[in-house]
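Engineer: Pasting my_file.csv below, which is CSV, N, CA, C and O atoms.
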chain,number,residue,atom,x,y,z
A,1,MET,N,28.3,-83.5,-34.0
A,1,MET,CA,29.4,-83.8,-34.9
A,1,MET,C,28.9,-84.8,-35.9
A,1,MET,O,28.2,-85.8,-35.6
A,2,THR,N,29.1,-84.6,-37.2
A,2,THR,CA,28.6,-85.5,-38.2
A,2,THR,C,29.6,-86.7,-38.3
A,2,THR,O,30.7,-86.7,-37.8
A,3,PRO,N,29.1,-87.8,-38.9
A,3,PRO,CA,29.9,-89.0,-39.0
A,3,PRO,C,31.2,-88.7,-39.8
A,3,PRO,O,32.3,-89.3,-39.4
A,4,GLU,N,31.2,-87.9,-40.8
A,4,GLU,CA,32.4,-87.6,-41.5
A,4,GLU,C,33.4,-86.8,-40.7
A,4,GLU,O,34.6,-87.0,-40.7
A,5,GLU,N,32.9,-85.8,-39.9
A,5,GLU,CA,33.8,-85.1,-39.0
A,5,GLU,C,34.4,-86.0,-37.9
A,5,GLU,O,35.6,-85.9,-37.6
A,6,ALA,N,33.6,-86.9,-37.4
A,6,ALA,CA,34.1,-87.9,-36.4
A,6,ALA,C,35.2,-88.8,-37.0
A,6,ALA,O,36.2,-89.1,-36.4
A,7,ARG,N,35.0,-89.3,-38.2
A,7,ARG,CA,35.9,-90.1,-38.9
A,7,ARG,C,37.2,-89.4,-39.1
A,7,ARG,O,38.3,-90.0,-38.9
A,8,GLU,N,37.1,-88.1,-39.5
A,8,GLU,CA,38.3,-87.4,-39.8
A,8,GLU,C,39.1,-87.1,-38.5
A,8,GLU,O,40.3,-87.2,-38.4
A,9,LYS,N,38.4,-86.8,-37.4
A,9,LYS,CA,39.0,-86.6,-36.1
A,9,LYS,C,39.7,-87.9,-35.6
A,9,LYS,O,40.8,-87.8,-35.1
A,10,PHE,N,39.0,-89.0,-35.7
A,10,PHE,CA,39.6,-90.3,-35.3
A,10,PHE,C,40.8,-90.6,-36.1
A,10,PHE,O,41.8,-91.2,-35.7
A,11,GLY,N,40.8,-90.3,-37.4
A,11,GLY,CA,41.9,-90.6,-38.3
A,11,GLY,C,43.2,-89.8,-38.0
A,11,GLY,O,44.3,-90.2,-38.4
A,12,GLN,N,43.0,-88.7,-37.3
A,12,GLN,CA,44.2,-87.9,-36.9
A,12,GLN,C,44.9,-88.5,-35.7
A,12,GLN,O,46.0,-88.0,-35.3
A,13,ARG,N,44.4,-89.5,-35.0
A,13,ARG,CA,45.1,-90.1,-33.9
A,13,ARG,C,46.3,-90.8,-34.4
A,13,ARG,O,46.5,-91.2,-35.5
A,14,VAL,N,47.3,-90.9,-33.5
A,14,VAL,CA,48.6,-91.5,-33.8
A,14,VAL,C,48.7,-92.9,-33.3
A,14,VAL,O,48.3,-93.2,-32.2
A,15,GLN,N,49.2,-93.8,-34.2
A,15,GLN,CA,49.3,-95.3,-33.8
A,15,GLN,C,50.6,-95.8,-34.4
A,15,GLN,O,51.0,-95.4,-35.5
A,16,ARG,N,51.3,-96.7,-33.7
A,16,ARG,CA,52.5,-97.3,-34.2
A,16,ARG,C,52.2,-98.4,-35.1
A,16,ARG,O,51.3,-99.2,-34.9
A,17,CYS,N,53.0,-98.6,-36.2
A,17,CYS,CA,52.9,-99.7,-37.1
A,17,CYS,C,53.4,-101.0,-36.3
A,17,CYS,O,54.4,-100.9,-35.6
A,18,SER,N,52.7,-102.1,-36.4
A,18,SER,CA,53.1,-103.3,-35.7
A,18,SER,C,54.3,-104.0,-36.4
A,18,SER,O,54.8,-104.9,-35.8
A,19,GLY,N,54.6,-103.5,-37.6
A,19,GLY,CA,55.8,-104.1,-38.2
A,19,GLY,C,57.1,-103.4,-38.0
A,19,GLY,O,58.1,-104.0,-37.6
A,20,CYS,N,57.1,-102.1,-38.2
A,20,CYS,CA,58.3,-101.3,-38.1
A,20,CYS,C,58.3,-100.4,-36.8
A,20,CYS,O,59.3,-99.7,-36.6
A,21,PHE,N,57.2,-100.3,-36.1
A,21,PHE,CA,57.1,-99.5,-34.9
A,21,PHE,C,57.2,-98.0,-35.1
A,21,PHE,O,57.5,-97.2,-34.2
A,22,VAL,N,57.1,-97.5,-36.3
A,22,VAL,CA,57.1,-96.1,-36.6
A,22,VAL,C,55.7,-95.5,-36.4
A,22,VAL,O,54.7,-96.2,-36.8
A,23,ALA,N,55.5,-94.4,-35.9
A,23,ALA,CA,54.2,-93.8,-35.6
A,23,ALA,C,53.6,-93.1,-36.9
A,23,ALA,O,54.3,-92.4,-37.6
A,24,PHE,N,52.3,-93.3,-37.1
A,24,PHE,CA,51.6,-92.8,-38.2
A,24,PHE,C,50.2,-92.3,-37.8
A,24,PHE,O,49.8,-92.8,-36.7
A,25,HIS,N,49.6,-91.5,-38.6
A,25,HIS,CA,48.2,-91.2,-38.3
A,25,HIS,C,47.4,-92.4,-38.7
A,25,HIS,O,47.7,-93.1,-39.7
A,26,VAL,N,46.3,-92.7,-37.9
A,26,VAL,CA,45.5,-93.9,-38.2
A,26,VAL,C,44.9,-93.9,-39.6
A,26,VAL,O,44.8,-94.9,-40.3
A,27,LYS,N,44.6,-92.7,-40.1
A,27,LYS,CA,44.1,-92.6,-41.5
A,27,LYS,C,45.0,-93.1,-42.6
A,27,LYS,O,44.6,-93.4,-43.7
A,28,ASP,N,46.3,-93.2,-42.3
A,28,ASP,CA,47.3,-93.7,-43.2
A,28,ASP,C,47.6,-95.2,-43.0
A,28,ASP,O,48.5,-95.7,-43.7
A,29,LEU,N,47.0,-95.9,-42.1
A,29,LEU,CA,47.4,-97.2,-41.8
A,29,LEU,C,46.4,-98.3,-42.3
A,29,LEU,O,45.3,-98.0,-42.7
A,30,TRP,N,46.9,-99.5,-42.3
A,30,TRP,CA,46.1,-100.7,-42.7
A,30,TRP,C,45.8,-101.5,-41.4
A,30,TRP,O,46.7,-101.6,-40.5
A,31,ILE,N,44.7,-102.2,-41.4
A,31,ILE,CA,44.3,-102.9,-40.2
A,31,ILE,C,44.1,-104.4,-40.6
A,31,ILE,O,43.5,-104.7,-41.6
A,32,ASP,N,44.6,-105.3,-39.7
A,32,ASP,CA,44.5,-106.7,-40.0
A,32,ASP,C,43.3,-107.3,-39.2
A,32,ASP,O,42.6,-106.5,-38.5
A,33,GLU,N,43.0,-108.6,-39.3
A,33,GLU,CA,41.9,-109.2,-38.7
A,33,GLU,C,42.0,-109.2,-37.2
A,33,GLU,O,41.0,-109.2,-36.5
A,34,GLU,N,43.2,-109.1,-36.6
A,34,GLU,CA,43.3,-109.1,-35.2
A,34,GLU,C,43.4,-107.7,-34.6
A,34,GLU,O,43.5,-107.5,-33.4
A,35,GLY,N,43.2,-106.7,-35.4
A,35,GLY,CA,43.2,-105.3,-34.9
A,35,GLY,C,44.5,-104.6,-34.9
A,35,GLY,O,44.7,-103.5,-34.3
A,36,ASN,N,45.6,-105.2,-35.5
A,36,ASN,CA,46.9,-104.6,-35.5
A,36,ASN,C,47.0,-103.6,-36.7
A,36,ASN,O,46.4,-103.8,-37.7
A,37,TYR,N,47.7,-102.6,-36.5
A,37,TYR,CA,47.9,-101.6,-37.5
A,37,TYR,C,49.2,-101.7,-38.3
A,37,TYR,O,50.3,-102.0,-37.6
A,38,PHE,N,49.2,-101.5,-39.6
A,38,PHE,CA,50.4,-101.6,-40.4
A,38,PHE,C,50.5,-100.5,-41.4
A,38,PHE,O,49.5,-100.0,-41.9
A,39,CYS,N,51.8,-100.0,-41.6
A,39,CYS,CA,52.0,-98.9,-42.6
A,39,CYS,C,51.9,-99.5,-44.0
A,39,CYS,O,51.8,-100.7,-44.2
A,40,ASP,N,52.1,-98.6,-45.0
A,40,ASP,CA,52.1,-99.0,-46.4
A,40,ASP,C,53.2,-100.0,-46.7
A,40,ASP,O,53.1,-100.8,-47.6
A,41,ASN,N,54.4,-99.8,-46.0
A,41,ASN,CA,55.5,-100.7,-46.3
A,41,ASN,C,55.4,-102.1,-45.7
A,41,ASN,O,55.9,-103.1,-46.1
A,42,CYS,N,54.6,-102.2,-44.6
A,42,CYS,CA,54.5,-103.5,-43.8
A,42,CYS,C,53.2,-104.3,-44.0
A,42,CYS,O,53.2,-105.4,-43.6
A,43,HIS,N,52.2,-103.7,-44.6
A,43,HIS,CA,50.9,-104.4,-44.7
A,43,HIS,C,51.0,-105.5,-45.7
A,43,HIS,O,51.9,-105.6,-46.6
A,44,THR,N,50.1,-106.5,-45.5
A,44,THR,CA,50.0,-107.6,-46.4
A,44,THR,C,48.7,-107.6,-47.2
A,44,THR,O,47.8,-106.7,-46.9
A,45,GLU,N,48.4,-108.5,-48.0
A,45,GLU,CA,47.2,-108.5,-48.9
A,45,GLU,C,45.9,-108.7,-48.0
A,45,GLU,O,44.9,-108.2,-48.4
A,46,GLY,N,46.0,-109.3,-46.9
A,46,GLY,CA,44.8,-109.5,-46.0
A,46,GLY,C,44.4,-108.3,-45.2
A,46,GLY,O,43.4,-108.3,-44.6
A,47,ASN,N,45.2,-107.2,-45.2
A,47,ASN,CA,44.9,-106.0,-44.4
A,47,ASN,C,43.9,-105.1,-45.2
A,47,ASN,O,43.8,-105.1,-46.4
A,48,ILE,N,43.1,-104.4,-44.4
A,48,ILE,CA,42.1,-103.4,-44.9
A,48,ILE,C,42.6,-102.0,-44.6
A,48,ILE,O,43.0,-101.7,-43.4
A,49,HIS,N,42.6,-101.1,-45.5
A,49,HIS,CA,43.0,-99.7,-45.3
A,49,HIS,C,41.9,-99.1,-44.4
A,49,HIS,O,40.7,-99.4,-44.4
A,50,PHE,N,42.4,-98.1,-43.6
A,50,PHE,CA,41.5,-97.4,-42.7
A,50,PHE,C,40.3,-96.8,-43.4
A,50,PHE,O,39.2,-96.8,-42.9
A,51,ASN,N,40.4,-96.3,-44.6
A,51,ASN,CA,39.3,-95.7,-45.4
A,51,ASN,C,38.2,-96.7,-45.6
A,51,ASN,O,37.0,-96.4,-45.5
A,52,GLN,N,38.6,-97.9,-45.9
A,52,GLN,CA,37.6,-99.0,-46.2
A,52,GLN,C,36.9,-99.4,-44.8
A,52,GLN,O,35.7,-99.6,-44.7
A,53,TYR,N,37.8,-99.6,-43.8
A,53,TYR,CA,37.3,-100.0,-42.5
A,53,TYR,C,36.4,-98.9,-41.9
A,53,TYR,O,35.3,-99.3,-41.3
A,54,SER,N,36.7,-97.7,-42.0
A,54,SER,CA,36.0,-96.6,-41.4
A,54,SER,C,34.5,-96.4,-41.9
A,54,SER,O,33.7,-95.8,-41.3
A,55,GLU,N,34.3,-96.9,-43.1
A,55,GLU,CA,32.9,-96.8,-43.7
A,55,GLU,C,31.9,-97.6,-42.9
A,55,GLU,O,30.7,-97.2,-42.9
A,56,ASP,N,32.3,-98.6,-42.2
A,56,ASP,CA,31.4,-99.5,-41.4
A,56,ASP,C,31.3,-99.2,-39.9
A,56,ASP,O,30.6,-99.8,-39.2
A,57,VAL,N,32.1,-98.2,-39.5
A,57,VAL,CA,32.2,-97.9,-38.0
A,57,VAL,C,31.5,-96.5,-37.8
A,57,VAL,O,31.8,-95.5,-38.5
A,58,ASP,N,30.8,-96.4,-36.7
A,58,ASP,CA,30.1,-95.1,-36.3
A,58,ASP,C,31.0,-94.4,-35.3
A,58,ASP,O,31.0,-94.7,-34.1
A,59,PHE,N,31.9,-93.5,-35.7
A,59,PHE,CA,32.8,-92.9,-34.9
A,59,PHE,C,32.2,-91.8,-34.0
A,59,PHE,O,32.8,-91.3,-33.1
A,60,THR,N,31.0,-91.4,-34.3
A,60,THR,CA,30.3,-90.3,-33.5
A,60,THR,C,30.2,-90.8,-32.0
A,60,THR,O,30.1,-89.9,-31.2
A,61,GLN,N,30.1,-92.1,-31.8
A,61,GLN,CA,29.9,-92.5,-30.4
A,61,GLN,C,31.2,-92.4,-29.6
A,61,GLN,O,31.1,-92.3,-28.4
A,62,PHE,N,32.4,-92.3,-30.2
A,62,PHE,CA,33.6,-92.1,-29.5
A,62,PHE,C,33.8,-90.7,-29.0
A,62,PHE,O,34.5,-90.5,-28.0
A,63,PHE,N,33.1,-89.7,-29.6
A,63,PHE,CA,33.3,-88.3,-29.2
A,63,PHE,C,32.1,-87.7,-28.6
A,63,PHE,O,32.0,-86.5,-28.5
A,64,SER,N,31.1,-88.5,-28.1
A,64,SER,CA,29.9,-87.9,-27.5
A,64,SER,C,30.0,-87.7,-26.0
A,64,SER,O,30.9,-88.2,-25.4
Just give me the structure of the file as structure tokens.
Structural biologist:
Amino acid sequence: MTPEEAREKFGQRVQRCSGCFVAFHVKDLWIDEEGNYFCDNCHTEGNIHFNQYSEDVDFTQFFS
């Protein structure tokens, strides 16, 4: 599995927003410094979008 395929597969996981508790795909969420996930409506300036975060993580190890 290539790193891009692993990133896409991980992004399809479902996670609840820590602000409104609605479930979203991880690929659509923002992550804060403590590892909490937030949707577009609840995120703050200090949060990092999953696309930016995922560039530094090797997701291939999760699916091996």
Engineer: Check the DSSP output for the backbone and give back, as an MDAnalysis selection string, the residues of chain A in strand (DSSP E).
Structural biologist: chainID A and resid 14:16 23:25 30:31 37:38 48:49
Engineer: Those same residues - N, CA, C and O atoms - I'd like them written as a PDB file, keeping the file's coordinate frame.
Structural biologist:
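File produced: again_31.pdb:
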ATOM      1  N   VAL A  14      47.300 -90.900 -33.500  1.00  0.00           N
ATOM      2  CA  VAL A  14      48.600 -91.500 -33.800  1.00  0.00           C
ATOM      3  C   VAL A  14      48.700 -92.900 -33.300  1.00  0.00           C
ATOM      4  O   VAL A  14      48.300 -93.200 -32.200  1.00  0.00           O
ATOM      5  N   GLN A  15      49.200 -93.800 -34.200  1.00  0.00           N
ATOM      6  CA  GLN A  15      49.300 -95.300 -33.800  1.00  0.00           C
ATOM      7  C   GLN A  15      50.600 -95.800 -34.400  1.00  0.00           C
ATOM      8  O   GLN A  15      51.000 -95.400 -35.500  1.00  0.00           O
ATOM      9  N   ARG A  16      51.300 -96.700 -33.700  1.00  0.00           N
ATOM     10  CA  ARG A  16      52.500 -97.300 -34.200  1.00  0.00           C
ATOM     11  C   ARG A  16      52.200 -98.400 -35.100  1.00  0.00           C
ATOM     12  O   ARG A  16      51.300 -99.200 -34.900  1.00  0.00           O
ATOM     13  N   ALA A  23      55.500 -94.400 -35.900  1.00  0.00           N
ATOM     14  CA  ALA A  23      54.200 -93.800 -35.600  1.00  0.00           C
ATOM     15  C   ALA A  23      53.600 -93.100 -36.900  1.00  0.00           C
ATOM     16  O   ALA A  23      54.300 -92.400 -37.600  1.00  0.00           O
ATOM     17  N   PHE A  24      52.300 -93.300 -37.100  1.00  0.00           N
ATOM     18  CA  PHE A  24      51.600 -92.800 -38.200  1.00  0.00           C
ATOM     19  C   PHE A  24      50.200 -92.300 -37.800  1.00  0.00           C
ATOM     20  O   PHE A  24      49.800 -92.800 -36.700  1.00  0.00           O
ATOM     21  N   HIS A  25      49.600 -91.500 -38.600  1.00  0.00           N
ATOM     22  CA  HIS A  25      48.200 -91.200 -38.300  1.00  0.00           C
ATOM     23  C   HIS A  25      47.400 -92.400 -38.700  1.00  0.00           C
ATOM     24  O   HIS A  25      47.700 -93.100 -39.700  1.00  0.00           O
ATOM     25  N   TRP A  30      46.900 -99.500 -42.300  1.00  0.00           N
ATOM     26  CA  TRP A  30      46.100-100.700 -42.700  1.00  0.00           C
ATOM     27  C   TRP A  30      45.800-101.500 -41.400  1.00  0.00           C
ATOM     28  O   TRP A  30      46.700-101.600 -40.500  1.00  0.00           O
ATOM     29  N   ILE A  31      44.700-102.200 -41.400  1.00  0.00           N
ATOM     30  CA  ILE A  31      44.300-102.900 -40.200  1.00  0.00           C
ATOM     31  C   ILE A  31      44.100-104.400 -40.600  1.00  0.00           C
ATOM     32  O   ILE A  31      43.500-104.700 -41.600  1.00  0.00           O
ATOM     33  N   TYR A  37      47.700-102.600 -36.500  1.00  0.00           N
ATOM     34  CA  TYR A  37      47.900-101.600 -37.500  1.00  0.00           C
ATOM     35  C   TYR A  37      49.200-101.700 -38.300  1.00  0.00           C
ATOM     36  O   TYR A  37      50.300-102.000 -37.600  1.00  0.00           O
ATOM     37  N   PHE A  38      49.200-101.500 -39.600  1.00  0.00           N
ATOM     38  CA  PHE A  38      50.400-101.600 -40.400  1.00  0.00           C
ATOM     39  C   PHE A  38      50.500-100.500 -41.400  1.00  0.00           C
ATOM     40  O   PHE A  38      49.500-100.000 -41.900  1.00  0.00           O
ATOM     41  N   ILE A  48      43.100-104.400 -44.400  1.00  0.00           N
ATOM     42  CA  ILE A  48      42.100-103.400 -44.900  1.00  0.00           C
ATOM     43  C   ILE A  48      42.600-102.000 -44.600  1.00  0.00           C
ATOM     44  O   ILE A  48      43.000-101.700 -43.400  1.00  0.00           O
ATOM     45  N   HIS A  49      42.600-101.100 -45.500  1.00  0.00           N
ATOM     46  CA  HIS A  49      43.000 -99.700 -45.300  1.00  0.00           C
ATOM     47  C   HIS A  49      41.900 -99.100 -44.400  1.00  0.00           C
ATOM     48  O   HIS A  49      40.700 -99.400 -44.400  1.00  0.00           O
TER      49      HIS A  49
END
Engineer: Can you tell me which residues surround region 48-59 of chain A at a distance of at most 7 Å, considering all atoms listed in the file, apart from same-chain residues fewer than 6 positions away, and format the answer as a ChimeraX atom specification?
Structural biologist: /A:2-3,6-7,26-33,36,38
Engineer: Interatomic distance between atom N of Gly35 (chain A) and atom N of Gln15 (chain A)?
Structural biologist: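 Taking atom N of Gly35 (chain A) as the start and atom N of Gln15 (chain A) as the end point, the length is 14.3 Å.
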Engineer: Quick one: residues within 6 Å of Phe24 (chain A), all atoms listed in the file, excluding same-chain residues fewer than 3 positions away - as an MDAnalysis selection string?
Structural biologist: chainID A and resid 13:17
Engineer: Those same residues, written as a tab-separated table (two decimals), keeping the file's coordinate frame with N, CA, C and O atoms?
Structural biologist:
chain	number	residue	atom	x	y	z
A	13	ARG	N	44.40	-89.50	-35.00
A	13	ARG	CA	45.10	-90.10	-33.90
A	13	ARG	C	46.30	-90.80	-34.40
A	13	ARG	O	46.50	-91.20	-35.50
A	14	VAL	N	47.30	-90.90	-33.50
A	14	VAL	CA	48.60	-91.50	-33.80
A	14	VAL	C	48.70	-92.90	-33.30
A	14	VAL	O	48.30	-93.20	-32.20
A	15	GLN	N	49.20	-93.80	-34.20
A	15	GLN	CA	49.30	-95.30	-33.80
A	15	GLN	C	50.60	-95.80	-34.40
A	15	GLN	O	51.00	-95.40	-35.50
A	16	ARG	N	51.30	-96.70	-33.70
A	16	ARG	CA	52.50	-97.30	-34.20
A	16	ARG	C	52.20	-98.40	-35.10
A	16	ARG	O	51.30	-99.20	-34.90
A	17	CYS	N	53.00	-98.60	-36.20
A	17	CYS	CA	52.90	-99.70	-37.10
A	17	CYS	C	53.40	-101.00	-36.30
A	17	CYS	O	54.40	-100.90	-35.60
Engineer: Taking the DSSP assignment computed from this structure's backbone, write out as a list in words all residues of chain A that belong to helix (DSSP H, G or I).
Structural biologist: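 Answer for chain A restricted to helix (DSSP H, G or I) is Pro3, Glu4, Glu5, Ala6, Arg7, Glu8, Lys9, Phe10, Gly11, Val26, Lys27, Asp28, Phe50, Asn51, Gln52, Tyr53, Ser54, Phe59, Thr60, Gln61, Phe62 and Phe63 of chain A.
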